[in-house]
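**Student:** Here it is, the structure, as C-alpha cells.
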Amino acid sequence: MYRTAIASLNPRFKVLLQLLPTSSPKLEIFAMAERIGSQKFVSSFYTSAISKPISYFLCKSNVLGNYSARALGPISNNLGFMRNPNPLPLRFMSTSSNQQSFAVSYLINSLGFSPQTAVSASKYLNFETPGKPDKAIEFFKDYGFTQTQISRVFKKCPGLLLSDREKTILPKLEFFESKGLSGPELAKVVSGFPYILRNSLAKQIVPSYEFFSNLFQSEEKAILTVKRCPDIICRNVEKYVAPNITTLREHGVPASNIATLLHYQPKAFMISMDRFREIVEEVERMGFNASKMKFLLAVFAFRAMSKQTWESKVDAFKKWGWSDEEISIAFERNPWCMMASEDKIMACMDFFTNKMGWSPCRVANRPVLLTLSLKKRVMPRCSLFQVLLSKGLVEKEVSLAALLETSEEKFLKKFVKCYKEEAPELLKLYKEKMDLSKG
C-alpha cells in the first residue's frame, strides 16, 4: 500500500523503490514520501497503527533525483503527530541532481547496470549529455572489448567514463601492446583489473614492468606474469616484492626457483615483509629443504590461507583418522594437498574410504590424490576400475599411482585397451563417464 502510494505521488521514486527490499520498514518508506512533500500521505501514515514504539529512526543516506535522505525525529506510537514538528528542511539541488539522474539512466540503458549499481556509480560522475561517455564506450569497442567487458570496466572504475582517453588510457594500452599484450588478451586483462588504467604509466607501470623484466631476464615472462596477476604491476615492488625476494635468498633459495614462483604465483609475494619472513621461517622449521621447489610451494600454501583456515583443514583430516604426523608427512610430500578446500578434503576422503574402501592411511601416503579433480578424473577412472574388479580382471589392491596419477594415454593402455577382448564395452563406458563429468 505504502509503496503504491509513494510511486503514484512521484514517478522518480519508482527507480529508488526497486532498490529497497519488500520487507523495508514503513518508516523508511515514509521518509521517502515525506521528501515528496505530500501532507496527505504524511497524515495518513501517522494515523495508522505502528507495531511498537520507535524513539528514533535514521534513514539510510541515499540520493536520487532531487532529493536527499535525512534523520527523522522521535515519533509517538499512539499520537498522530511528530514530537519534533520542525524537522530540518531538505535542500533542493537541481543542477547536480539532474546530472545524477541522467547519469543513472545512462548507466542503466547504455551499460546494463542494475539500478543500485548505477546510483552508486553516479556519485563519481557528472554529465548531462551522452557525448563524452558514448565516445568512451566506442573507444574500448575499437580496441576489441566486448560489451560485457566494457560494462565491467566502468562498473569497477566509473571515473574512466569521463577521463581524458588520449592522455590517461591510450598510452597505457599502447605500452602493453608494445610488450606483446594485445587484442582479446589485452581486453581480458584490463577488464579483469581496470584499476591498472588509473595508475601512472611513468611512475608505476613502467618501473614495475622493468623490475620483473630484469629479474626474469625475459620480457615474455614479464608480460605473462602481468597477465596472471595484473595488480602486481600496480604495487610498490620495492616495498613488497623486493624485500621478500631478499628474504628467500637469505634462506638459501636458488634464484631460479624464486623466479619460477614469482612467474607462476606472483601473489605469493604480495604480503608484508614481516609476515612473509614468518612464513619462510615456519617452513624452514618444518624441515623443508630450501634448495628444493617444494620449499616455495610450502611457502605459497601458508601464504594463501589464514592460520584459522589451516587449522580447519587439519581438523578435517583428523576427522578421517589422520594423525598430526601423517598430516605433516603428507604436507612435506605434496604441499599442494593443503590447498584443497575443506569441502573437497571431506568429499575426497568420503569417496576414497567409503566408496573405494581404501584406508585413510593409504590415502595419506598419496597426498597428491587430493589435488586431482574428483569429478573429472577420480570418479570416471574409479568407475572403470570397479567394472574390471567385478569381472575379476584386476586385483583390489591396485597401484593408486597407476590408476589415478598417470596420464590419460597410459591409463587407457593399462586399464582399457589391454582388456578389449574380455570387456569390449570398457572404452564406451569410460567415454560416457567422461562426458558426464563435463556436463
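Here's how to read the names in the C-alpha cells: chain A, B, ... by the order shown, residue numbers from 1 in each chain, ligand numbers from 1 in the order shown.
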Within 8 Å of region 157-172 of chain A, counting only C-alpha atoms, which residues qualify if same-chain residues fewer than 3 places away don't, as a list of chain:residue names?

**Tutor:** A:Ala121, A:Ser122, A:Tyr124, A:Leu125, A:Lys132, A:Pro133, A:Ala136, A:Ile137, A:Val153, A:Phe154, A:Phe175, A:Phe176, A:Pro194, A:Tyr195, A:Leu197, A:Arg198, A:Leu201

**Student:** Run DSSP on the backbone and tell me which residues of region 176-381 of chain A come out as helix (DSSP H, G or I); list them as a PyMOL selection string.

**Tutor:** chain A and resi 176-178+183-192+194-198+201-216+219-228+230-234+241-250+255-264+266-269+273-285+293-303+307-319+324-333+335-339+342-355+360-364+367-371+374-381

**Student:** Excluding region 333-349 of chain A and its own-chain neighbours fewer than 6 positions away, which residues fall within 8 Å of it when counting only C-alpha atoms? Please give them as a PyMOL selection string.

**Tutor:** chain A and resi 294+297-298+301+304+310+312-313+316-317+320+360+367-368+370-371+374

**Student:** At a cut-off of 12 Å, using only C-alpha atoms, what residues contact Lys267 (chain A)? Leave out same-chain residues fewer than 5 positions from it and give the result as a PyMOL selection string.

**Tutor:** chain A and resi 225-226+228-233+235+237+240-241+244+261-262+272+276+299-301+303-304

**Student:** Can I get the selected residues back with C-alpha atoms, as a PDB file, in the first residue's frame?

**Tutor:**
ATOM      1  CA  THR A 225      53.323 -12.573 -15.102  1.00  0.00           C
ATOM      2  CA  VAL A 226      51.258  -9.419 -15.636  1.00  0.00           C
ATOM      3  CA  ARG A 228      48.382 -13.891 -14.471  1.00  0.00           C
ATOM      4  CA  CYS A 229      48.249 -11.140 -11.858  1.00  0.00           C
ATOM      5  CA  PRO A 230      47.713  -7.625 -13.303  1.00  0.00           C
ATOM      6  CA  ASP A 231      47.569  -5.973  -9.892  1.00  0.00           C
ATOM      7  CA  ILE A 232      51.190  -6.877  -9.149  1.00  0.00           C
ATOM      8  CA  ILE A 233      52.335  -4.222 -11.615  1.00  0.00           C
ATOM      9  CA  ARG A 235      52.044  -2.498  -6.332  1.00  0.00           C
ATOM     10  CA  VAL A 237      57.621  -3.605  -5.831  1.00  0.00           C
ATOM     11  CA  TYR A 240      56.640  -5.745  -1.156  1.00  0.00           C
ATOM     12  CA  VAL A 241      58.274  -7.901  -3.824  1.00  0.00           C
ATOM     13  CA  ASN A 244      60.525 -10.795   0.104  1.00  0.00           C
ATOM     14  CA  LEU A 261      57.423 -18.889  -8.093  1.00  0.00           C
ATOM     15  CA  LEU A 262      57.145 -15.209  -8.997  1.00  0.00           C
ATOM     16  CA  SER A 272      54.155  -7.563   4.198  1.00  0.00           C
ATOM     17  CA  PHE A 276      56.474 -13.255   4.676  1.00  0.00           C
ATOM     18  CA  VAL A 299      55.602 -21.006   1.441  1.00  0.00           C
ATOM     19  CA  PHE A 300      52.840 -20.349  -1.077  1.00  0.00           C
ATOM     20  CA  ALA A 301      50.447 -22.714   0.708  1.00  0.00           C
ATOM     21  CA  ARG A 303      50.682 -17.521   2.242  1.00  0.00           C
ATOM     22  CA  ALA A 304      47.413 -18.463   0.574  1.00  0.00           C
TER      23      ALA A 304
END

**Student:** Of the candidates A:Pro254, A:Pro243, A:Gly287, A:Pro115, which one gets nearest to Asp274 (chain A) if we count only C-alpha atoms?

**Tutor:**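 Residue with the minimum atom-to-atom distance to Asp274 (chain A): A:Pro243.
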
**Student:** Just to confirm, what's the straight-line distance from CA of Leu107 (chain A) to CA of Val189 (chain A) in Å (one decimal)?

**Tutor:**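 That distance, rounded to one decimal, is 22.6 Å.
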
**Student:** Just how far from CA of Met434 (chain A) is CA of Lys376 (chain A), in Å to one decimal?

**Tutor:**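 Distance between the two atoms: 6.7 Å.
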
**Student:** Residues within 12 Å of Arg277 (chain A), please, as a PDB file with N, CA, C and O atoms, in the first residue's frame. Count only C-alpha atoms; anything in the same chain fewer than 2 positions from it doesn't count.

**Tutor:**
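What ended up in part12.pdb:
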ATOM      1  N   TYR A 240      57.155  -4.390  -1.371  1.00  0.00           N
ATOM      2  CA  TYR A 240      56.640  -5.745  -1.156  1.00  0.00           C
ATOM      3  C   TYR A 240      57.516  -6.828  -1.786  1.00  0.00           C
ATOM      4  O   TYR A 240      58.094  -7.662  -1.104  1.00  0.00           O
ATOM      5  N   PRO A 243      61.822  -6.910  -0.997  1.00  0.00           N
ATOM      6  CA  PRO A 243      62.238  -7.401   0.321  1.00  0.00           C
ATOM      7  C   PRO A 243      61.961  -8.889   0.519  1.00  0.00           C
ATOM      8  O   PRO A 243      62.742  -9.587   1.178  1.00  0.00           O
ATOM      9  N   ASN A 244      60.871  -9.380  -0.053  1.00  0.00           N
ATOM     10  CA  ASN A 244      60.525 -10.795   0.104  1.00  0.00           C
ATOM     11  C   ASN A 244      61.449 -11.687  -0.722  1.00  0.00           C
ATOM     12  O   ASN A 244      61.752 -12.819  -0.331  1.00  0.00           O
ATOM     13  N   ILE A 245      61.885 -11.175  -1.853  1.00  0.00           N
ATOM     14  CA  ILE A 245      62.891 -11.899  -2.631  1.00  0.00           C
ATOM     15  C   ILE A 245      64.200 -11.981  -1.838  1.00  0.00           C
ATOM     16  O   ILE A 245      64.850 -13.040  -1.790  1.00  0.00           O
ATOM     17  N   THR A 246      64.560 -10.894  -1.192  1.00  0.00           N
ATOM     18  CA  THR A 246      65.772 -10.869  -0.369  1.00  0.00           C
ATOM     19  C   THR A 246      65.683 -11.895   0.761  1.00  0.00           C
ATOM     20  O   THR A 246      66.656 -12.608   1.060  1.00  0.00           O
ATOM     21  N   THR A 247      64.507 -11.995   1.392  1.00  0.00           N
ATOM     22  CA  THR A 247      64.306 -12.968   2.475  1.00  0.00           C
ATOM     23  C   THR A 247      64.549 -14.392   1.982  1.00  0.00           C
ATOM     24  O   THR A 247      65.213 -15.200   2.654  1.00  0.00           O
ATOM     25  N   LEU A 248      64.032 -14.721   0.812  1.00  0.00           N
ATOM     26  CA  LEU A 248      64.214 -16.065   0.259  1.00  0.00           C
ATOM     27  C   LEU A 248      65.688 -16.334  -0.043  1.00  0.00           C
ATOM     28  O   LEU A 248      66.198 -17.429   0.221  1.00  0.00           O
ATOM     29  N   ARG A 249      66.365 -15.347  -0.578  1.00  0.00           N
ATOM     30  CA  ARG A 249      67.787 -15.517  -0.885  1.00  0.00           C
ATOM     31  C   ARG A 249      68.597 -15.746   0.384  1.00  0.00           C
ATOM     32  O   ARG A 249      69.517 -16.563   0.415  1.00  0.00           O
ATOM     33  N   GLU A 250      68.234 -15.022   1.453  1.00  0.00           N
ATOM     34  CA  GLU A 250      68.950 -15.163   2.723  1.00  0.00           C
ATOM     35  C   GLU A 250      68.784 -16.562   3.315  1.00  0.00           C
ATOM     36  O   GLU A 250      69.624 -17.017   4.083  1.00  0.00           O
ATOM     37  N   HIS A 251      67.688 -17.243   2.950  1.00  0.00           N
ATOM     38  CA  HIS A 251      67.442 -18.597   3.464  1.00  0.00           C
ATOM     39  C   HIS A 251      67.906 -19.675   2.486  1.00  0.00           C
ATOM     40  O   HIS A 251      67.566 -20.851   2.654  1.00  0.00           O
ATOM     41  N   PHE A 269      54.059 -13.101  -3.268  1.00  0.00           N
ATOM     42  CA  PHE A 269      54.965 -12.057  -2.795  1.00  0.00           C
ATOM     43  C   PHE A 269      54.227 -10.803  -2.329  1.00  0.00           C
ATOM     44  O   PHE A 269      54.845  -9.899  -1.767  1.00  0.00           O
ATOM     45  N   ILE A 271      52.626  -9.478   0.116  1.00  0.00           N
ATOM     46  CA  ILE A 271      52.360  -9.581   1.543  1.00  0.00           C
ATOM     47  C   ILE A 271      53.448  -8.790   2.272  1.00  0.00           C
ATOM     48  O   ILE A 271      54.538  -8.583   1.724  1.00  0.00           O
ATOM     49  N   SER A 272      53.167  -8.353   3.466  1.00  0.00           N
ATOM     50  CA  SER A 272      54.155  -7.563   4.198  1.00  0.00           C
ATOM     51  C   SER A 272      55.442  -8.356   4.426  1.00  0.00           C
ATOM     52  O   SER A 272      55.407  -9.586   4.529  1.00  0.00           O
ATOM     53  N   MET A 273      56.549  -7.657   4.525  1.00  0.00           N
ATOM     54  CA  MET A 273      57.860  -8.287   4.696  1.00  0.00           C
ATOM     55  C   MET A 273      57.918  -9.113   5.975  1.00  0.00           C
ATOM     56  O   MET A 273      58.456 -10.226   5.983  1.00  0.00           O
ATOM     57  N   ASP A 274      57.345  -8.598   7.059  1.00  0.00           N
ATOM     58  CA  ASP A 274      57.380  -9.307   8.341  1.00  0.00           C
ATOM     59  C   ASP A 274      56.604 -10.612   8.289  1.00  0.00           C
ATOM     60  O   ASP A 274      57.071 -11.652   8.783  1.00  0.00           O
ATOM     61  N   ARG A 275      55.408 -10.563   7.726  1.00  0.00           N
ATOM     62  CA  ARG A 275      54.588 -11.785   7.632  1.00  0.00           C
ATOM     63  C   ARG A 275      55.236 -12.812   6.706  1.00  0.00           C
ATOM     64  O   ARG A 275      55.237 -14.017   6.995  1.00  0.00           O
ATOM     65  N   ILE A 279      56.499 -16.759   7.610  1.00  0.00           N
ATOM     66  CA  ILE A 279      56.117 -17.953   6.852  1.00  0.00           C
ATOM     67  C   ILE A 279      57.346 -18.738   6.430  1.00  0.00           C
ATOM     68  O   ILE A 279      57.404 -19.974   6.570  1.00  0.00           O
ATOM     69  N   VAL A 280      58.345 -18.042   5.906  1.00  0.00           N
ATOM     70  CA  VAL A 280      59.568 -18.703   5.446  1.00  0.00           C
ATOM     71  C   VAL A 280      60.242 -19.432   6.607  1.00  0.00           C
ATOM     72  O   VAL A 280      60.691 -20.582   6.468  1.00  0.00           O
ATOM     73  N   GLU A 281      60.297 -18.795   7.746  1.00  0.00           N
ATOM     74  CA  GLU A 281      60.935 -19.412   8.914  1.00  0.00           C
ATOM     75  C   GLU A 281      60.141 -20.613   9.411  1.00  0.00           C
ATOM     76  O   GLU A 281      60.728 -21.610   9.864  1.00  0.00           O
ATOM     77  N   GLU A 282      58.806 -20.549   9.324  1.00  0.00           N
ATOM     78  CA  GLU A 282      57.963 -21.687   9.727  1.00  0.00           C
ATOM     79  C   GLU A 282      58.190 -22.874   8.803  1.00  0.00           C
ATOM     80  O   GLU A 282      58.306 -24.021   9.254  1.00  0.00           O
ATOM     81  N   VAL A 283      58.260 -22.624   7.514  1.00  0.00           N
ATOM     82  CA  VAL A 283      58.508 -23.689   6.537  1.00  0.00           C
ATOM     83  C   VAL A 283      59.885 -24.309   6.781  1.00  0.00           C
ATOM     84  O   VAL A 283      60.063 -25.533   6.696  1.00  0.00           O
ATOM     85  N   GLU A 284      60.854 -23.484   7.117  1.00  0.00           N
ATOM     86  CA  GLU A 284      62.208 -23.971   7.407  1.00  0.00           C
ATOM     87  C   GLU A 284      62.206 -24.868   8.645  1.00  0.00           C
ATOM     88  O   GLU A 284      62.865 -25.920   8.669  1.00  0.00           O
ATOM     89  N   VAL A 299      55.731 -22.436   1.143  1.00  0.00           N
ATOM     90  CA  VAL A 299      55.602 -21.006   1.441  1.00  0.00           C
ATOM     91  C   VAL A 299      54.309 -20.465   0.837  1.00  0.00           C
ATOM     92  O   VAL A 299      53.546 -19.738   1.486  1.00  0.00           O
ATOM     93  N   PHE A 302      51.143 -21.656   2.787  1.00  0.00           N
ATOM     94  CA  PHE A 302      50.934 -20.884   4.019  1.00  0.00           C
ATOM     95  C   PHE A 302      50.465 -19.458   3.694  1.00  0.00           C
ATOM     96  O   PHE A 302      49.629 -18.897   4.390  1.00  0.00           O
ATOM     97  N   ARG A 303      51.034 -18.891   2.640  1.00  0.00           N
ATOM     98  CA  ARG A 303      50.682 -17.521   2.242  1.00  0.00           C
ATOM     99  C   ARG A 303      49.233 -17.434   1.781  1.00  0.00           C
ATOM    100  O   ARG A 303      48.562 -16.407   1.982  1.00  0.00           O
TER     101      ARG A 303
END

**Student:** Record the distance separating CA of Glu408 (chain A) and CA of Leu393 (chain A), expressed in Å with one decimal.

**Tutor:**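 Computed distance, CA of Glu408 (chain A) to CA of Leu393 (chain A), equals 20.0 Å.
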
**Student:** Nearest to Ser182 (chain A) among A:Ile196, A:Ile205, A:Ile223, A:Val119, with distances taken over only C-alpha atoms: which residue is it?

**Tutor:** A:Ile223

**Student:** For region 377-381 of chain A, please output as a PyMOL selection string all residues within 12 Å (counting only C-alpha atoms; exclusion window: fewer than 3 positions along the same chain).

**Tutor:** chain A and resi 347-349+351-352+355-356+368-374+384-388+400-408+411-412+414-416+426-438
